[in-house]
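Containing compact mmCIF, C-alpha atoms: data24.txt.
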# COMPACT_ATOMS: atom_id res chain seq x y z
CA MET A 1 -6.11 -10.66 -34.72
CA GLY A 2 -4.84 -7.39 -33.32
CA ARG A 3 -2.07 -7.09 -30.76
CA LYS A 4 -4.39 -5.88 -27.98
CA LYS A 5 -6.64 -8.92 -28.44
CA LEU A 6 -3.64 -11.26 -28.40
CA GLU A 7 -2.34 -9.64 -25.21
CA GLN A 8 -5.76 -10.02 -23.62
CA GLN A 9 -6.04 -13.69 -24.59
CA VAL A 10 -2.55 -14.55 -23.35
CA GLY A 11 -3.11 -12.59 -20.14
CA ASP A 12 -6.49 -14.23 -19.50
CA VAL A 13 -5.07 -17.72 -19.93
CA GLN A 14 -2.04 -16.92 -17.77
CA LYS A 15 -4.38 -15.80 -14.98
CA ILE A 16 -6.55 -18.92 -15.25
CA VAL A 17 -3.51 -21.21 -15.15
CA HIS A 18 -1.93 -19.30 -12.26
CA ASP A 19 -5.19 -19.26 -10.29
CA SER A 20 -5.64 -22.99 -10.89
CA THR A 21 -2.08 -24.18 -10.25
CA GLY A 22 -0.34 -21.43 -8.33
CA LYS A 23 2.22 -21.12 -11.12
CA ALA A 24 2.39 -19.02 -14.25
CA PRO A 25 2.69 -20.85 -17.58
CA ARG A 26 6.22 -21.09 -18.95
CA PHE A 27 5.41 -22.38 -22.42
CA PHE A 28 3.06 -21.27 -25.17
CA ARG A 29 1.80 -23.32 -28.10
CA PRO A 30 -0.01 -21.21 -30.66
CA PRO A 31 -3.43 -22.29 -31.91
CA PHE A 32 -3.07 -24.63 -34.89
CA GLY A 33 0.69 -24.09 -34.79
CA SER A 34 0.22 -20.64 -36.30
CA GLY A 35 3.59 -18.89 -36.41
CA MET A 36 2.38 -15.32 -36.58
CA MET A 37 5.05 -12.88 -35.45
CA ASN A 38 2.54 -11.00 -33.26
CA TRP A 39 2.09 -14.16 -31.15
CA LYS A 40 5.83 -14.52 -30.70
CA ALA A 41 6.30 -10.94 -29.50
CA VAL A 42 3.37 -11.08 -27.07
CA VAL A 43 4.50 -14.43 -25.67
CA LYS A 44 8.08 -13.23 -25.21
CA GLU A 45 6.86 -10.15 -23.34
CA ALA A 46 4.81 -12.47 -21.10
CA ASN A 47 8.04 -14.36 -20.21
CA MET A 48 6.98 -17.58 -21.90
CA LEU A 49 8.79 -19.78 -24.36
CA TYR A 50 7.04 -19.95 -27.73
CA MET A 51 7.09 -23.49 -29.00
CA THR A 52 5.43 -25.75 -31.48
CA TRP A 53 5.70 -29.51 -31.89
CA SER A 54 8.15 -31.68 -33.73
CA ASN A 55 6.25 -34.91 -33.38
CA GLY A 56 2.55 -35.19 -34.22
CA SER A 57 0.48 -38.10 -32.93
CA LEU A 58 -1.99 -37.53 -35.78
CA ASP A 59 -4.74 -38.16 -33.20
CA TRP A 60 -6.72 -35.26 -34.69
CA GLU A 61 -7.13 -37.17 -37.95
CA MET A 62 -9.12 -39.88 -36.18
CA THR A 63 -12.84 -39.74 -35.44
CA ASP A 64 -15.25 -41.05 -32.82
CA LYS A 65 -16.15 -43.88 -35.18
CA LYS A 66 -12.70 -44.55 -36.60
CA ASN A 67 -9.85 -44.33 -34.13
CA ASP A 68 -7.05 -46.52 -32.88
CA PRO A 69 -5.11 -45.76 -29.69
CA ALA A 70 -2.36 -48.15 -30.83
CA LYS A 71 -1.92 -46.03 -33.97
CA VAL A 72 -1.50 -42.91 -31.82
CA VAL A 73 1.36 -44.67 -30.03
CA ALA A 74 2.88 -45.91 -33.29
CA ASN A 75 2.70 -42.44 -34.87
CA VAL A 76 4.56 -40.90 -31.95
CA LEU A 77 7.22 -43.59 -31.76
CA GLN A 78 7.89 -43.53 -35.53
CA GLN A 79 8.72 -39.81 -35.33
CA LEU A 80 10.58 -39.89 -32.02
CA ARG A 81 13.93 -38.11 -32.00
CA PRO A 82 16.07 -36.60 -29.23
CA GLY A 83 14.38 -33.43 -28.06
CA SER A 84 10.98 -34.27 -29.56
CA ASN A 85 8.05 -32.14 -28.49
CA ILE A 86 5.00 -34.37 -28.90
CA LEU A 87 1.60 -32.97 -29.87
CA LEU A 88 -1.36 -34.76 -28.28
CA HIS A 89 -4.97 -33.65 -27.98
CA GLU A 90 -7.57 -34.23 -25.28
CA LEU A 91 -9.39 -36.92 -27.24
CA PRO A 92 -10.75 -40.19 -25.80
CA TRP A 93 -8.52 -42.40 -27.97
CA THR A 94 -5.47 -40.33 -27.06
CA ALA A 95 -6.27 -40.68 -23.37
CA GLU A 96 -6.64 -44.41 -23.90
CA ALA A 97 -3.21 -44.50 -25.56
CA LEU A 98 -1.37 -42.66 -22.80
CA ASP A 99 -0.45 -45.57 -20.53
CA SER A 100 1.09 -47.52 -23.40
CA LEU A 101 2.69 -44.42 -24.90
CA LEU A 102 4.33 -43.33 -21.64
CA THR A 103 5.59 -46.87 -21.03
CA GLN A 104 7.11 -47.00 -24.53
CA LEU A 105 8.65 -43.53 -24.18
CA LYS A 106 10.22 -44.52 -20.87
CA LYS A 107 11.76 -47.58 -22.55
CA ALA A 108 13.02 -45.46 -25.46
CA VAL A 109 14.72 -43.03 -23.09
CA ARG A 110 16.43 -45.89 -21.25
CA VAL A 111 17.74 -47.33 -24.53
CA CYS A 112 18.91 -43.91 -25.64
CA ARG A 113 20.74 -43.31 -22.36
CA SER A 114 22.33 -46.77 -22.38
CA ARG A 115 23.87 -45.90 -25.75
CA ASN A 116 24.97 -42.48 -24.45
CA ASP A 117 22.93 -40.79 -27.18
CA ARG A 118 21.82 -37.22 -26.62
CA CYS A 119 18.24 -37.68 -25.49
Written form, structure tokens:
Amino acid sequence: MGRKKLEQQVGDVQKIVHDSTGKAPRFFRPPFGSGMMNWKAVVKEANMLYMTWSNGSLDWEMTDKKNDPAKVVANVLQQLRPGSNILLHELPWTAEALDSLLTQLKKAVRVCRSRNDRC
């Protein structure tokens, strides 16, 4: 994809987010985690932080017929490290997992802080 098209896509999304929330996006996750240098330059010029994920829920490997919200939670917790950036998708089983996942993450942060680990 050419630079002009990338600039247009980033600009269009920034406008939609700003119009919807009143705030400009601060972070950018590239499609499919693609690390193309053109994305990085365009994102930097748009005053956003280019970031990918360090912790995949593997929710995208599940299907409508074969999914398990508990497995989404387990996948995230097994990979959890200080500073993790967790990748989740807008899938029904991921949405179903969120309450449990957020509860478990909150507990993990408390344990980490009680040990004075860098969380």
Need the shell around Ile86 (chain A): protein/DNA/RNA residues with any atom at most 8 Å away, counting only C-alpha atoms. Skip same-chain ones fewer than 2 positions apart. Format as a ChimeraX atom specification? /A:53-57,76,84,88
Just-selected residues, C-alpha atoms written as a short mmCIF file (atom, residue, chain, number, x, y, z; two decimals), in the frame of the given file:
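Saved as again-v4.cif:
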data_model
loop_
_atom_site.label_atom_id
_atom_site.label_comp_id
_atom_site.auth_asym_id
_atom_site.auth_seq_id
_atom_site.Cartn_x
_atom_site.Cartn_y
_atom_site.Cartn_z
CA TRP A 53 5.70 -29.51 -31.89
CA SER A 54 8.15 -31.68 -33.73
CA ASN A 55 6.25 -34.91 -33.38
CA GLY A 56 2.55 -35.19 -34.22
CA SER A 57 0.48 -38.10 -32.93
CA VAL A 76 4.56 -40.90 -31.95
CA SER A 84 10.98 -34.27 -29.56
CA LEU A 88 -1.36 -34.76 -28.28
#
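Between Leu87 (chain A) and the candidates A:Ala108, A:Ala70, A:Leu101, A:Leu58, the tightest atom-to-atom separation, counting all atoms listed in the file, involves A:Leu58.
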Taking 5 positions as the minimum chain separation for residues in the same chain, which residues sit within 12 Å of Asp12 (chain A) when counting all atoms listed in the file? Answer as a ChimeraX atom specification. /A:5-7,17-19,24-25,46
Okay, now the selection with C-alpha atoms, as a CSV table (one decimal), keeping the file's coordinate frame?
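To be explicit, this is the file written out as part_14.csv:
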chain,number,residue,atom,x,y,z
A,5,LYS,CA,-6.6,-8.9,-28.4
A,6,LEU,CA,-3.6,-11.3,-28.4
A,7,GLU,CA,-2.3,-9.6,-25.2
A,17,VAL,CA,-3.5,-21.2,-15.2
A,18,HIS,CA,-1.9,-19.3,-12.3
A,19,ASP,CA,-5.2,-19.3,-10.3
A,24,ALA,CA,2.4,-19.0,-14.2
A,25,PRO,CA,2.7,-20.8,-17.6
A,46,ALA,CA,4.8,-12.5,-21.1
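Closest approach to Met1 (chain A) from the set A:Leu80, A:Phe27, A:Gly22, A:Trp39 is made by A:Trp39, with distances taken over all atoms listed in the file.
Here CA of Asp64 (chain A) is placed at a distance of 9.1 Å from CA of Leu91 (chain A).
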Nearest residue to Lys44 (chain A) out of A:Ala95, A:Ala74, A:Val109, A:Val10, using only C-alpha atoms? A:Val10
Pull the neighbourhood of (4.3, -17.2, -32.1) for me: all residues within 9 Å in file coordinates, counting only C-alpha atoms, as JSON, numbers by chain. {"A": [28, 29, 30, 33, 34, 35, 36, 37, 38, 39, 40, 41, 42, 43, 44, 50, 51, 52]}
Just the number, please: distance in Å from CA of Arg81 (chain A) to CA of Arg26 (chain A), one decimal. 22.8 Å
Shortest contact to Val72 (chain A), candidates A:His89, A:Ala97, A:Ser20, A:Gln104, atoms counted all atoms listed in the file, goes to A:Ala97
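What separates CA of Trp60 (chain A) from CA of Thr94 (chain A) is a distance of 9.2 Å.
If you measure from each of A:Arg3, A:Leu77, A:Lys71, A:Gln9 to Lys107 (chain A) using only C-alpha atoms, the closest one turns out to be A:Leu77.
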